[in-house]
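Text of the file structure_11.pdb, holding PDB, C-alpha atoms:
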```
MODEL        1
ATOM      1  CA  MET A   1     205.322  76.073  91.152
ATOM      2  CA  ALA A   2     205.744  76.437  94.944
ATOM      3  CA  HIS A   3     202.534  76.924  96.919
ATOM      4  CA  GLN A   4     201.660  80.565  97.435
ATOM      5  CA  LYS A   5     199.382  82.701  99.548
ATOM      6  CA  TYR A   6     196.549  84.469  97.713
ATOM      7  CA  LEU A   7     194.055  87.146  98.585
ATOM      8  CA  VAL A   8     190.955  86.618  96.432
ATOM      9  CA  THR A   9     188.476  89.485  96.679
ATOM     10  CA  GLY A  10     184.908  88.711  95.658
ATOM     11  CA  ALA A  11     185.512  85.112  96.802
ATOM     12  CA  ALA A  12     181.776  84.475  97.328
ATOM     13  CA  GLY A  13     181.011  85.752  93.833
ATOM     14  CA  PHE A  14     180.670  83.620  90.714
ATOM     15  CA  ILE A  15     184.231  83.853  89.325
ATOM     16  CA  GLY A  16     185.867  84.372  92.733
ATOM     17  CA  PHE A  17     184.315  81.159  94.064
ATOM     18  CA  HIS A  18     185.536  79.042  91.133
ATOM     19  CA  THR A  19     189.010  80.623  91.255
ATOM     20  CA  THR A  20     189.337  80.017  95.001
ATOM     21  CA  LYS A  21     188.220  76.390  94.613
ATOM     22  CA  ARG A  22     190.841  75.829  91.933
ATOM     23  CA  LEU A  23     193.671  77.450  93.947
ATOM     24  CA  LEU A  24     192.812  75.373  97.012
ATOM     25  CA  ALA A  25     192.724  72.202  94.889
ATOM     26  CA  ARG A  26     196.318  72.782  93.825
ATOM     27  CA  GLY A  27     197.451  73.355  97.404
ATOM     28  CA  ASP A  28     197.635  77.139  97.640
ATOM     29  CA  THR A  29     196.523  79.121 100.703
ATOM     30  CA  VAL A  30     193.625  81.534 100.102
ATOM     31  CA  VAL A  31     192.083  84.290 102.173
ATOM     32  CA  GLY A  32     188.664  85.051 100.699
ATOM     33  CA  TYR A  33     187.388  88.635 101.046
ATOM     34  CA  ASP A  34     183.783  89.577 100.246
ATOM     35  CA  ASN A  35     181.209  92.062 101.531
ATOM     36  CA  LEU A  36     178.280  89.740 100.611
ATOM     37  CA  VAL A  37     176.420  92.711  99.130
ATOM     38  CA  PRO A  38     172.829  91.797  98.126
ATOM     39  CA  TYR A  39     173.130  93.029  94.486
ATOM     40  CA  TYR A  40     171.461  89.688  93.706
ATOM     41  CA  PRO A  41     169.926  87.228  96.240
ATOM     42  CA  VAL A  42     172.678  86.738  98.791
ATOM     43  CA  GLU A  43     171.758  83.077  99.414
ATOM     44  CA  TYR A  44     173.786  82.166  96.302
ATOM     45  CA  LYS A  45     176.871  83.774  97.873
ATOM     46  CA  HIS A  46     176.281  81.946 101.160
ATOM     47  CA  ALA A  47     175.830  78.656  99.291
ATOM     48  CA  ARG A  48     179.106  79.157  97.395
ATOM     49  CA  LEU A  49     180.927  80.069 100.615
ATOM     50  CA  LYS A  50     179.609  76.941 102.274
ATOM     51  CA  GLN A  51     181.541  74.934  99.670
ATOM     52  CA  LEU A  52     184.772  76.745 100.605
ATOM     53  CA  VAL A  53     184.640  77.176 104.382
ATOM     54  CA  GLY A  54     186.316  74.297 106.163
ATOM     55  CA  GLN A  55     188.582  73.433 103.232
ATOM     56  CA  PRO A  56     192.279  73.225 104.199
ATOM     57  CA  GLY A  57     194.087  76.477 103.432
ATOM     58  CA  PHE A  58     190.965  78.674 103.277
ATOM     59  CA  THR A  59     189.933  81.489 105.602
ATOM     60  CA  PHE A  60     187.248  84.110 105.019
ATOM     61  CA  GLN A  61     186.863  87.791 105.888
ATOM     62  CA  GLN A  62     183.521  89.522 105.425
ATOM     63  CA  ALA A  63     184.524  93.083 104.625
ATOM     64  CA  ASP A  64     184.255  95.786 101.998
ATOM     65  CA  LEU A  65     187.063  97.084  99.762
ATOM     66  CA  THR A  66     186.173 100.595 100.909
ATOM     67  CA  GLU A  67     187.313  99.625 104.443
ATOM     68  CA  ARG A  68     190.780 100.933 103.747
ATOM     69  CA  GLU A  69     192.443 100.302 107.115
ATOM     70  CA  ARG A  70     191.017  96.814 107.417
ATOM     71  CA  LEU A  71     192.296  95.850 103.980
ATOM     72  CA  MET A  72     195.720  97.357 104.685
ATOM     73  CA  GLN A  73     195.970  95.556 108.026
ATOM     74  CA  LEU A  74     195.004  92.240 106.431
ATOM     75  CA  CYS A  75     197.691  92.578 103.747
ATOM     76  CA  ARG A  76     200.227  93.639 106.377
ATOM     77  CA  SER A  77     199.580  90.632 108.598
ATOM     78  CA  GLU A  78     199.089  87.972 105.898
ATOM     79  CA  LYS A  79     201.926  88.962 103.519
ATOM     80  CA  PHE A  80     200.212  87.769 100.344
ATOM     81  CA  ASP A  81     202.259  86.679  97.345
ATOM     82  CA  VAL A  82     199.465  87.405  94.871
ATOM     83  CA  VAL A  83     196.242  89.436  95.053
ATOM     84  CA  ILE A  84     193.411  88.485  92.651
ATOM     85  CA  ASN A  85     190.824  91.264  92.686
ATOM     86  CA  LEU A  86     187.482  89.915  91.473
ATOM     87  CA  ALA A  87     185.323  92.105  93.722
ATOM     88  CA  ALA A  88     183.395  94.783  91.864
ATOM     89  CA  GLN A  89     179.979  96.241  91.394
ATOM     90  CA  ALA A  90     178.945  94.348  88.276
ATOM     91  CA  GLY A  91     176.291  94.907  85.630
ATOM     92  CA  VAL A  92     175.984  97.400  82.786
ATOM     93  CA  ARG A  93     172.260  98.149  83.202
ATOM     94  CA  TYR A  94     172.397  98.700  86.963
ATOM     95  CA  SER A  95     175.108 101.337  86.437
ATOM     96  CA  LEU A  96     172.461 103.530  84.805
ATOM     97  CA  GLU A  97     170.393 103.445  88.011
ATOM     98  CA  ASN A  98     173.019 103.501  90.747
ATOM     99  CA  PRO A  99     176.253 105.107  89.521
ATOM    100  CA  HIS A 100     177.590 105.791  93.033
ATOM    101  CA  ALA A 101     177.773 102.065  93.829
ATOM    102  CA  TYR A 102     180.236 101.693  90.926
ATOM    103  CA  VAL A 103     182.454 104.565  92.014
ATOM    104  CA  GLU A 104     182.602 103.234  95.602
ATOM    105  CA  ALA A 105     183.355  99.591  94.749
ATOM    106  CA  ASN A 106     185.252  99.895  91.478
ATOM    107  CA  ILE A 107     187.212 103.138  91.937
ATOM    108  CA  VAL A 108     187.585 103.766  95.692
ATOM    109  CA  GLY A 109     187.837 100.032  96.396
ATOM    110  CA  PHE A 110     190.414  99.558  93.655
ATOM    111  CA  VAL A 111     192.737 102.344  94.823
ATOM    112  CA  ASN A 112     192.628 100.734  98.283
ATOM    113  CA  ILE A 113     193.713  97.432  96.700
ATOM    114  CA  LEU A 114     196.559  99.177  94.851
ATOM    115  CA  GLU A 115     197.766 100.897  98.025
ATOM    116  CA  ALA A 116     197.586  97.667 100.044
ATOM    117  CA  CYS A 117     199.630  95.837  97.370
ATOM    118  CA  ARG A 118     202.154  98.649  97.048
ATOM    119  CA  HIS A 119     202.874  98.890 100.774
ATOM    120  CA  ASN A 120     203.008  95.149 101.468
ATOM    121  CA  GLU A 121     205.340  93.780  98.809
ATOM    122  CA  VAL A 122     202.705  91.873  96.860
ATOM    123  CA  LYS A 123     204.470  90.182  93.933
ATOM    124  CA  HIS A 124     201.572  90.419  91.466
ATOM    125  CA  LEU A 125     198.136  92.047  91.347
ATOM    126  CA  VAL A 126     195.719  90.377  88.923
ATOM    127  CA  TYR A 127     192.381  92.149  88.548
ATOM    128  CA  ALA A 128     189.139  91.779  86.617
ATOM    129  CA  SER A 129     188.570  94.216  83.815
ATOM    130  CA  SER A 130     185.786  93.628  81.286
ATOM    131  CA  SER A 131     185.051  93.295  77.580
ATOM    132  CA  SER A 132     182.718  96.275  78.103
ATOM    133  CA  VAL A 133     185.777  98.591  77.941
ATOM    134  CA  TYR A 134     185.658  98.182  74.138
ATOM    135  CA  GLY A 135     182.481 100.300  74.186
ATOM    136  CA  ALA A 136     181.828 101.994  70.850
ATOM    137  CA  ASN A 137     184.732 100.134  69.203
ATOM    138  CA  THR A 138     183.350  98.087  66.268
ATOM    139  CA  ASN A 139     186.673  96.704  65.032
ATOM    140  CA  ASN A 140     186.198  92.920  65.501
ATOM    141  CA  PRO A 141     187.659  90.841  66.984
ATOM    142  CA  PHE A 142     188.401  93.149  69.925
ATOM    143  CA  SER A 143     192.151  93.348  70.434
ATOM    144  CA  ILE A 144     193.977  94.491  73.571
ATOM    145  CA  HIS A 145     196.101  96.595  71.198
ATOM    146  CA  HIS A 146     193.065  98.655  70.111
ATOM    147  CA  ASN A 147     192.236 102.033  71.610
ATOM    148  CA  VAL A 148     189.473 101.788  74.240
ATOM    149  CA  ASP A 149     188.734 105.432  74.996
ATOM    150  CA  HIS A 150     184.993 105.391  74.251
ATOM    151  CA  PRO A 151     183.146 103.426  76.957
ATOM    152  CA  ILE A 152     179.342 103.541  76.699
ATOM    153  CA  SER A 153     178.396 102.719  80.304
ATOM    154  CA  LEU A 154     179.704 103.908  83.661
ATOM    155  CA  TYR A 155     180.494 100.273  84.522
ATOM    156  CA  ALA A 156     182.808 100.125  81.486
ATOM    157  CA  ALA A 157     184.351 103.482  82.391
ATOM    158  CA  THR A 158     185.228 102.231  85.910
ATOM    159  CA  LYS A 159     186.901  99.131  84.436
ATOM    160  CA  LYS A 160     188.911 101.251  82.000
ATOM    161  CA  ALA A 161     189.835 103.468  84.969
ATOM    162  CA  ASN A 162     191.114 100.390  86.838
ATOM    163  CA  GLU A 163     193.483  99.632  83.967
ATOM    164  CA  LEU A 164     194.769 103.231  83.995
ATOM    165  CA  MET A 165     195.174 103.250  87.782
ATOM    166  CA  ALA A 166     197.019  99.917  87.678
ATOM    167  CA  HIS A 167     199.382 101.263  85.025
ATOM    168  CA  THR A 168     200.211 104.251  87.217
ATOM    169  CA  TYR A 169     201.167 101.964  90.129
ATOM    170  CA  SER A 170     203.161  99.671  87.838
ATOM    171  CA  HIS A 171     205.023 102.712  86.515
ATOM    172  CA  LEU A 172     205.582 104.603  89.783
ATOM    173  CA  PHE A 173     206.078 101.741  92.239
ATOM    174  CA  LYS A 174     207.094  98.840  89.956
ATOM    175  CA  LEU A 175     204.039  96.880  91.156
ATOM    176  CA  PRO A 176     203.421  94.081  88.599
ATOM    177  CA  THR A 177     199.764  94.256  87.511
ATOM    178  CA  THR A 178     197.712  92.289  84.998
ATOM    179  CA  GLY A 179     194.182  93.233  83.945
ATOM    180  CA  LEU A 180     191.861  90.590  82.507
ATOM    181  CA  ARG A 181     189.062  91.601  80.175
ATOM    182  CA  PHE A 182     186.468  88.883  80.691
ATOM    183  CA  PHE A 183     183.944  88.158  77.942
ATOM    184  CA  THR A 184     180.389  87.136  79.049
ATOM    185  CA  VAL A 185     181.210  84.480  81.641
ATOM    186  CA  TYR A 186     178.676  81.707  82.278
ATOM    187  CA  GLY A 187     178.495  78.302  83.953
ATOM    188  CA  PRO A 188     177.476  76.525  87.180
ATOM    189  CA  TRP A 189     176.945  78.860  90.162
ATOM    190  CA  GLY A 190     176.538  81.732  87.660
ATOM    191  CA  ARG A 191     175.059  85.104  88.568
ATOM    192  CA  PRO A 192     171.252  85.168  88.727
ATOM    193  CA  ASP A 193     171.166  88.552  86.926
ATOM    194  CA  MET A 194     172.866  87.131  83.808
ATOM    195  CA  ALA A 195     170.950  86.109  80.659
ATOM    196  CA  LEU A 196     171.497  82.346  80.880
ATOM    197  CA  PHE A 197     170.224  82.180  84.475
ATOM    198  CA  LEU A 198     167.256  84.488  83.787
ATOM    199  CA  PHE A 199     166.319  82.537  80.649
ATOM    200  CA  THR A 200     166.515  79.162  82.411
ATOM    201  CA  LYS A 201     164.391  80.331  85.324
ATOM    202  CA  ALA A 202     161.743  81.884  83.038
ATOM    203  CA  ILE A 203     161.517  78.933  80.619
ATOM    204  CA  LEU A 204     161.120  76.423  83.467
ATOM    205  CA  SER A 205     158.357  78.522  85.038
ATOM    206  CA  GLY A 206     156.580  79.001  81.689
ATOM    207  CA  LYS A 207     157.226  82.746  81.626
ATOM    208  CA  PRO A 208     158.389  84.740  78.560
ATOM    209  CA  ILE A 209     162.055  85.716  78.198
ATOM    210  CA  ASP A 210     163.235  89.215  77.236
ATOM    211  CA  VAL A 211     165.361  89.058  74.078
ATOM    212  CA  PHE A 212     167.101  92.385  73.485
ATOM    213  CA  ASN A 213     167.965  93.906  70.097
ATOM    214  CA  ASN A 214     165.396  91.478  68.632
ATOM    215  CA  GLY A 215     167.891  88.655  69.163
ATOM    216  CA  GLN A 216     170.523  90.264  66.932
ATOM    217  CA  MET A 217     173.072  90.317  69.763
ATOM    218  CA  ARG A 218     176.278  88.300  69.503
ATOM    219  CA  ARG A 219     178.295  87.480  72.590
ATOM    220  CA  ASP A 220     181.608  85.732  73.096
ATOM    221  CA  PHE A 221     180.189  83.462  75.830
ATOM    222  CA  THR A 222     183.098  82.088  77.887
ATOM    223  CA  TYR A 223     182.747  79.087  80.174
ATOM    224  CA  VAL A 224     183.813  79.753  83.769
ATOM    225  CA  ASP A 225     186.415  76.936  83.897
ATOM    226  CA  ASP A 226     188.195  78.571  80.940
ATOM    227  CA  ILE A 227     188.132  81.932  82.716
ATOM    228  CA  VAL A 228     189.657  80.361  85.854
ATOM    229  CA  GLU A 229     192.347  78.564  83.842
ATOM    230  CA  GLY A 230     193.241  81.915  82.262
ATOM    231  CA  ILE A 231     193.307  83.733  85.628
ATOM    232  CA  ILE A 232     195.599  81.170  87.230
ATOM    233  CA  ARG A 233     198.003  80.902  84.301
ATOM    234  CA  VAL A 234     198.248  84.682  84.138
ATOM    235  CA  ALA A 235     198.715  84.956  87.936
ATOM    236  CA  ASP A 236     201.702  82.601  87.606
ATOM    237  CA  ASN A 237     203.150  84.741  84.787
ATOM    238  CA  ILE A 238     204.389  87.993  86.371
ATOM    239  CA  PRO A 239     204.781  90.849  83.863
ATOM    240  CA  THR A 240     208.233  92.414  83.578
ATOM    241  CA  GLY A 241     207.624  95.221  81.090
ATOM    242  CA  ASN A 242     207.910  95.475  77.330
ATOM    243  CA  PRO A 243     211.423  96.715  76.356
ATOM    244  CA  ASN A 244     210.170  97.566  72.834
ATOM    245  CA  TRP A 245     207.365  99.807  74.070
ATOM    246  CA  SER A 246     207.511 103.281  72.562
ATOM    247  CA  GLY A 247     205.803 106.513  73.548
ATOM    248  CA  ASP A 248     205.784 107.489  69.863
ATOM    249  CA  HIS A 249     203.435 104.593  69.027
ATOM    250  CA  PRO A 250     202.073 103.575  72.439
ATOM    251  CA  ASP A 251     200.707 100.030  72.640
ATOM    252  CA  PRO A 252     197.685 100.198  75.015
ATOM    253  CA  ALA A 253     198.166  96.599  76.228
ATOM    254  CA  THR A 254     201.754  96.788  77.444
ATOM    255  CA  SER A 255     204.247  99.268  78.858
ATOM    256  CA  LYS A 256     207.871  99.667  79.848
ATOM    257  CA  ALA A 257     206.418  99.183  83.351
ATOM    258  CA  PRO A 258     205.490  95.666  84.626
ATOM    259  CA  TYR A 259     201.940  95.989  83.266
ATOM    260  CA  LYS A 260     199.805  93.763  81.026
ATOM    261  CA  VAL A 261     196.229  93.460  79.845
ATOM    262  CA  TYR A 262     194.676  90.316  78.326
ATOM    263  CA  ASN A 263     191.365  89.292  76.832
ATOM    264  CA  ILE A 264     189.892  86.048  78.136
ATOM    265  CA  GLY A 265     187.126  85.064  75.745
ATOM    266  CA  ASN A 266     186.016  82.050  73.747
ATOM    267  CA  ASN A 267     187.103  83.682  70.450
ATOM    268  CA  GLN A 268     183.790  82.508  68.939
ATOM    269  CA  PRO A 269     180.783  84.835  69.176
ATOM    270  CA  VAL A 270     177.361  83.194  69.454
ATOM    271  CA  GLU A 271     174.012  84.660  68.350
ATOM    272  CA  LEU A 272     171.740  85.241  71.336
ATOM    273  CA  LEU A 273     168.998  83.236  69.602
ATOM    274  CA  TYR A 274     171.379  80.272  69.221
ATOM    275  CA  LEU A 275     172.059  80.405  72.969
ATOM    276  CA  VAL A 276     168.275  80.294  73.541
ATOM    277  CA  GLU A 277     167.892  77.387  71.081
ATOM    278  CA  THR A 278     170.687  75.434  72.837
ATOM    279  CA  LEU A 279     169.066  76.115  76.200
ATOM    280  CA  GLU A 280     165.648  74.969  74.908
ATOM    281  CA  LYS A 281     167.200  71.661  73.811
ATOM    282  CA  CYS A 282     168.851  71.125  77.206
ATOM    283  CA  LEU A 283     165.634  71.965  79.089
ATOM    284  CA  GLY A 284     163.299  70.135  76.705
ATOM    285  CA  LYS A 285     161.039  73.200  76.666
ATOM    286  CA  THR A 286     160.402  76.012  74.182
ATOM    287  CA  ALA A 287     160.817  79.617  75.251
ATOM    288  CA  GLU A 288     158.157  82.245  74.729
ATOM    289  CA  LYS A 289     160.177  85.194  73.436
ATOM    290  CA  ASN A 290     159.506  88.855  74.150
ATOM    291  CA  PHE A 291     161.570  90.759  71.541
ATOM    292  CA  LEU A 292     162.805  94.150  72.724
ATOM    293  CA  PRO A 293     165.076  96.934  71.387
ATOM    294  CA  MET A 294     168.715  97.329  72.403
ATOM    295  CA  GLN A 295     169.239  98.514  75.985
ATOM    296  CA  PRO A 296     171.261 101.690  76.733
ATOM    297  CA  GLY A 297     174.895 100.826  77.501
ATOM    298  CA  ASP A 298     174.791  97.483  75.640
ATOM    299  CA  VAL A 299     176.888  96.684  72.571
ATOM    300  CA  PRO A 300     175.574  94.597  69.650
ATOM    301  CA  ALA A 301     178.531  92.192  69.523
ATOM    302  CA  THR A 302     181.598  91.093  71.479
ATOM    303  CA  TYR A 303     184.417  88.994  70.047
ATOM    304  CA  ALA A 304     187.760  88.419  71.782
ATOM    305  CA  ASP A 305     191.143  88.315  70.103
ATOM    306  CA  VAL A 306     193.136  86.022  72.444
ATOM    307  CA  ASP A 307     196.428  85.789  70.516
ATOM    308  CA  ASP A 308     198.448  87.387  73.333
ATOM    309  CA  LEU A 309     196.986  85.014  75.929
ATOM    310  CA  ILE A 310     197.882  82.015  73.742
ATOM    311  CA  ARG A 311     201.399  83.335  73.113
ATOM    312  CA  ASP A 312     202.225  84.305  76.711
ATOM    313  CA  VAL A 313     200.577  81.562  78.785
ATOM    314  CA  GLY A 314     199.805  78.850  76.215
ATOM    315  CA  PHE A 315     196.064  78.799  76.750
ATOM    316  CA  LYS A 316     192.998  79.345  74.567
ATOM    317  CA  PRO A 317     189.458  79.067  75.996
ATOM    318  CA  ALA A 318     187.635  76.404  73.979
ATOM    319  CA  THR A 319     184.563  75.034  75.804
ATOM    320  CA  PRO A 320     181.750  74.865  73.201
ATOM    321  CA  ILE A 321     178.517  76.661  74.088
ATOM    322  CA  GLU A 322     176.573  73.365  73.850
ATOM    323  CA  THR A 323     178.795  71.741  76.518
ATOM    324  CA  GLY A 324     178.783  74.782  78.805
ATOM    325  CA  VAL A 325     175.003  75.305  78.661
ATOM    326  CA  ALA A 326     174.373  71.594  79.362
ATOM    327  CA  ARG A 327     176.620  71.790  82.454
ATOM    328  CA  PHE A 328     174.874  74.950  83.637
ATOM    329  CA  VAL A 329     171.424  73.364  83.265
ATOM    330  CA  GLU A 330     172.586  70.263  85.147
ATOM    331  CA  TRP A 331     173.829  72.471  88.008
ATOM    332  CA  TYR A 332     170.692  74.637  87.953
ATOM    333  CA  ARG A 333     168.362  71.647  88.197
ATOM    334  CA  SER A 334     170.327  70.030  91.031
ATOM    335  CA  TYR A 335     170.709  73.318  92.963
ATOM    336  CA  HIS A 336     167.033  74.222  92.731
ATOM    337  CA  GLN A 337     165.955  70.549  93.043
ATOM    338  CA  GLY A 338     163.257  71.035  90.456
ATOM    339  CA  ASN A 339     161.583  73.873  92.398
ATOM    340  CA  GLN A 340     161.084  75.833  89.200
ATOM    341  CA  ASN A 341     159.441  72.962  87.312
TER
ENDMDL
END
```
Structure re-expressed in structure tokens:
Amino acid sequence: MAHQKYLVTGAAGFIGFHTTKRLLARGDTVVGYDNLVPYYPVEYKHARLKQLVGQPGFTFQQADLTERERLMQLCRSEKFDVVINLAAQAGVRYSLENPHAYVEANIVGFVNILEACRHNEVKHLVYASSSSVYGANTNNPFSIHHNVDHPISLYAATKKANELMAHTYSHLFKLPTTGLRFFTVYGPWGRPDMALFLFTKAILSGKPIDVFNNGQMRRDFTYVDDIVEGIIRVADNIPTGNPNWSGDHPDPATSKAPYKVYNIGNNQPVELLYLVETLEKCLGKTAEKNFLPMQPGDVPATYADVDDLIRDVGFKPATPIETGVARFVEWYRSYHQGNQN
């Protein structure tokens, strides 16, 4: 495929960083866009950026998605082929404390992205949704063809809203959009507020770890390289609309408009306690466990049906949890140079 110009929002974030690195490696041009918000210690974002700045084909803009004119001007001057929107206010639990941050970043910011794409002839908008949109749905594995009208956190509701907003722009303005429902992403350079990072830090410092729902949680942990492979394959596969779509029996995942939604998950849920056990083996230390009840907004299990992803782009995430955790621990130890030991 010919080299293209990408806007990657959230480029200093966990998934945005890995996606940008991969695009640059294959010769694409990338403008990274990130507000470097201190939702978690910002030094991780600066350290990721340091790996990108200076690479051929990469430029960086520190800005917020709510800066409407700035975003519009950037898209006008750069004429992007593809926009990959990975900027968002993340985290289910934090959405209980600071709902306004989610509306600003995930709703206001997203409509600004849609408008910038619409007015500047962007060929494809790919954006991060989340497995959290499945909410109260207990029909496993979660399928993109299931109804997702019962979110149980504001974070999930904003991600569902993004899918609805994208559909509107695909329908009204023929803007091709693809939403990606990510399932518990982990790996090197991962977010410090995520379980694997928190567990590793606590175990190495001899502190107890908080295990929610008494360890009875199951998560479809998906290694970051698999997520990036999915993003890039999907970005190269522009939706054209489903000619068989019917308003009598509406399929939530497709449309007559150029609109698609996919799950990107490992298709293999793992017990939280097995994740801890795998981590203990990699670290050579046993965790002291603090068992706690389920947190508001959390779901007991996630499990991705990825049949559509396999059919449309020929890819199925498959990194085993043992491999992924070992790679994370190796990165963690080298990044922190044994400071936590």
- Quick one: which residues end up in the PyMOL selection byres ((chain A and resi 324) around 12) for this structure, as number ranges by chain? A: 185-188, 190, 196, 221-226, 266, 275, 278-279, 282, 317-323, 325-331
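Comparing A:Val53, A:His119, A:Lys159, A:Ile113 by their smallest distance to Arg76 (chain A), the closest is A:His119 (using all atoms listed in the file).
The set of residues that the PyMOL selection byres ((chain A and resi 46-52) around 10) takes from this file is Ala11, Ala12, Gly13, Phe14, Gly16, Phe17, His18, Thr20, Lys21, Leu24, Gly32, Asp34, Leu36, Pro41, Val42, Glu43, Tyr44, Lys45, Val53, Gly54, Gln55, Pro56, Gly57, Phe58, Thr59, Phe60, Trp189 and Tyr335 of chain A.
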How would the residues just chosen look if you wrote them out with C-alpha atoms as a CSV table (one decimal), in the frame of the given file?
```csv
chain,number,residue,atom,x,y,z
A,11,ALA,CA,185.5,85.1,96.8
A,12,ALA,CA,181.8,84.5,97.3
A,13,GLY,CA,181.0,85.8,93.8
A,14,PHE,CA,180.7,83.6,90.7
A,16,GLY,CA,185.9,84.4,92.7
A,17,PHE,CA,184.3,81.2,94.1
A,18,HIS,CA,185.5,79.0,91.1
A,20,THR,CA,189.3,80.0,95.0
A,21,LYS,CA,188.2,76.4,94.6
A,24,LEU,CA,192.8,75.4,97.0
A,32,GLY,CA,188.7,85.1,100.7
A,34,ASP,CA,183.8,89.6,100.2
A,36,LEU,CA,178.3,89.7,100.6
A,41,PRO,CA,169.9,87.2,96.2
A,42,VAL,CA,172.7,86.7,98.8
A,43,GLU,CA,171.8,83.1,99.4
A,44,TYR,CA,173.8,82.2,96.3
A,45,LYS,CA,176.9,83.8,97.9
A,53,VAL,CA,184.6,77.2,104.4
A,54,GLY,CA,186.3,74.3,106.2
A,55,GLN,CA,188.6,73.4,103.2
A,56,PRO,CA,192.3,73.2,104.2
A,57,GLY,CA,194.1,76.5,103.4
A,58,PHE,CA,191.0,78.7,103.3
A,59,THR,CA,189.9,81.5,105.6
A,60,PHE,CA,187.2,84.1,105.0
A,189,TRP,CA,176.9,78.9,90.2
A,335,TYR,CA,170.7,73.3,93.0
```
Would you kindly translate the PyMOL selection byres ((chain A and resi 90) around 10) into the concrete residues it picks from this file, as a PDB file with C-alpha atoms, in the coordinates of the input?
```pdb
ATOM      1  CA  TYR A  39     173.130  93.029  94.486  1.00  0.00           C
ATOM      2  CA  ALA A  87     185.323  92.105  93.722  1.00  0.00           C
ATOM      3  CA  ALA A  88     183.395  94.783  91.864  1.00  0.00           C
ATOM      4  CA  GLN A  89     179.979  96.241  91.394  1.00  0.00           C
ATOM      5  CA  GLY A  91     176.291  94.907  85.630  1.00  0.00           C
ATOM      6  CA  VAL A  92     175.984  97.400  82.786  1.00  0.00           C
ATOM      7  CA  ARG A  93     172.260  98.149  83.202  1.00  0.00           C
ATOM      8  CA  TYR A  94     172.397  98.700  86.963  1.00  0.00           C
ATOM      9  CA  SER A  95     175.108 101.337  86.437  1.00  0.00           C
ATOM     10  CA  ALA A 101     177.773 102.065  93.829  1.00  0.00           C
ATOM     11  CA  TYR A 102     180.236 101.693  90.926  1.00  0.00           C
ATOM     12  CA  ALA A 105     183.355  99.591  94.749  1.00  0.00           C
ATOM     13  CA  ASN A 106     185.252  99.895  91.478  1.00  0.00           C
ATOM     14  CA  SER A 130     185.786  93.628  81.286  1.00  0.00           C
ATOM     15  CA  TYR A 155     180.494 100.273  84.522  1.00  0.00           C
ATOM     16  CA  ALA A 156     182.808 100.125  81.486  1.00  0.00           C
ATOM     17  CA  ASP A 193     171.166  88.552  86.926  1.00  0.00           C
TER      18      ASP A 193
END
```
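Taking only C-alpha atoms into account, Ile84 (chain A) lies nearest to A:Leu125 out of the set A:Val306, A:Val103, A:Leu125, A:Ile15.
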- Task: For Thr19 (chain A), work out the shell of residues within 9 Å, counting all atoms listed in the file and skipping chain neighbours fewer than 6 positions away, then give it as a PyMOL selection string.
- Result: chain A and resi 8+11+225+227-229+231-232
- Write out as number ranges by chain which residues come within 7 Å of region 250-261 of chain A when counting all atoms listed in the file, dropping same-chain ones fewer than 3 positions away. A: 144-147, 167, 170-171, 174-180, 239-243, 245-247
- Note on the structure: CA of His150 (chain A) sits from CA of Asp298 (chain A) at a separation of 13.0 Å
- In file coordinates, which residues lie within 10 Å of (185.4, 101.6, 83.3) using all atoms listed in the file, given as a ChimeraX atom specification? /A:102-103,106-107,129-130,132-135,148-164
Edge lengths and centre, in Å to one decimal, as AutoDock Vina command-line options: that's what I need for the box along x, y and z that holds all listed atoms of region 292-296 of chain A plus 5 Å on each side.
```
--center_x 167.0 --center_y 97.9 --center_z 74.1 --size_x 18.5 --size_y 17.5 --size_z 15.3
```
- Query: Which residues come within 6 Å of Leu86 (chain A), counting only C-alpha atoms, excluding same-chain residues fewer than 2 positions away, as a ChimeraX atom specification?
  - Reply: /A:9-10,16,128
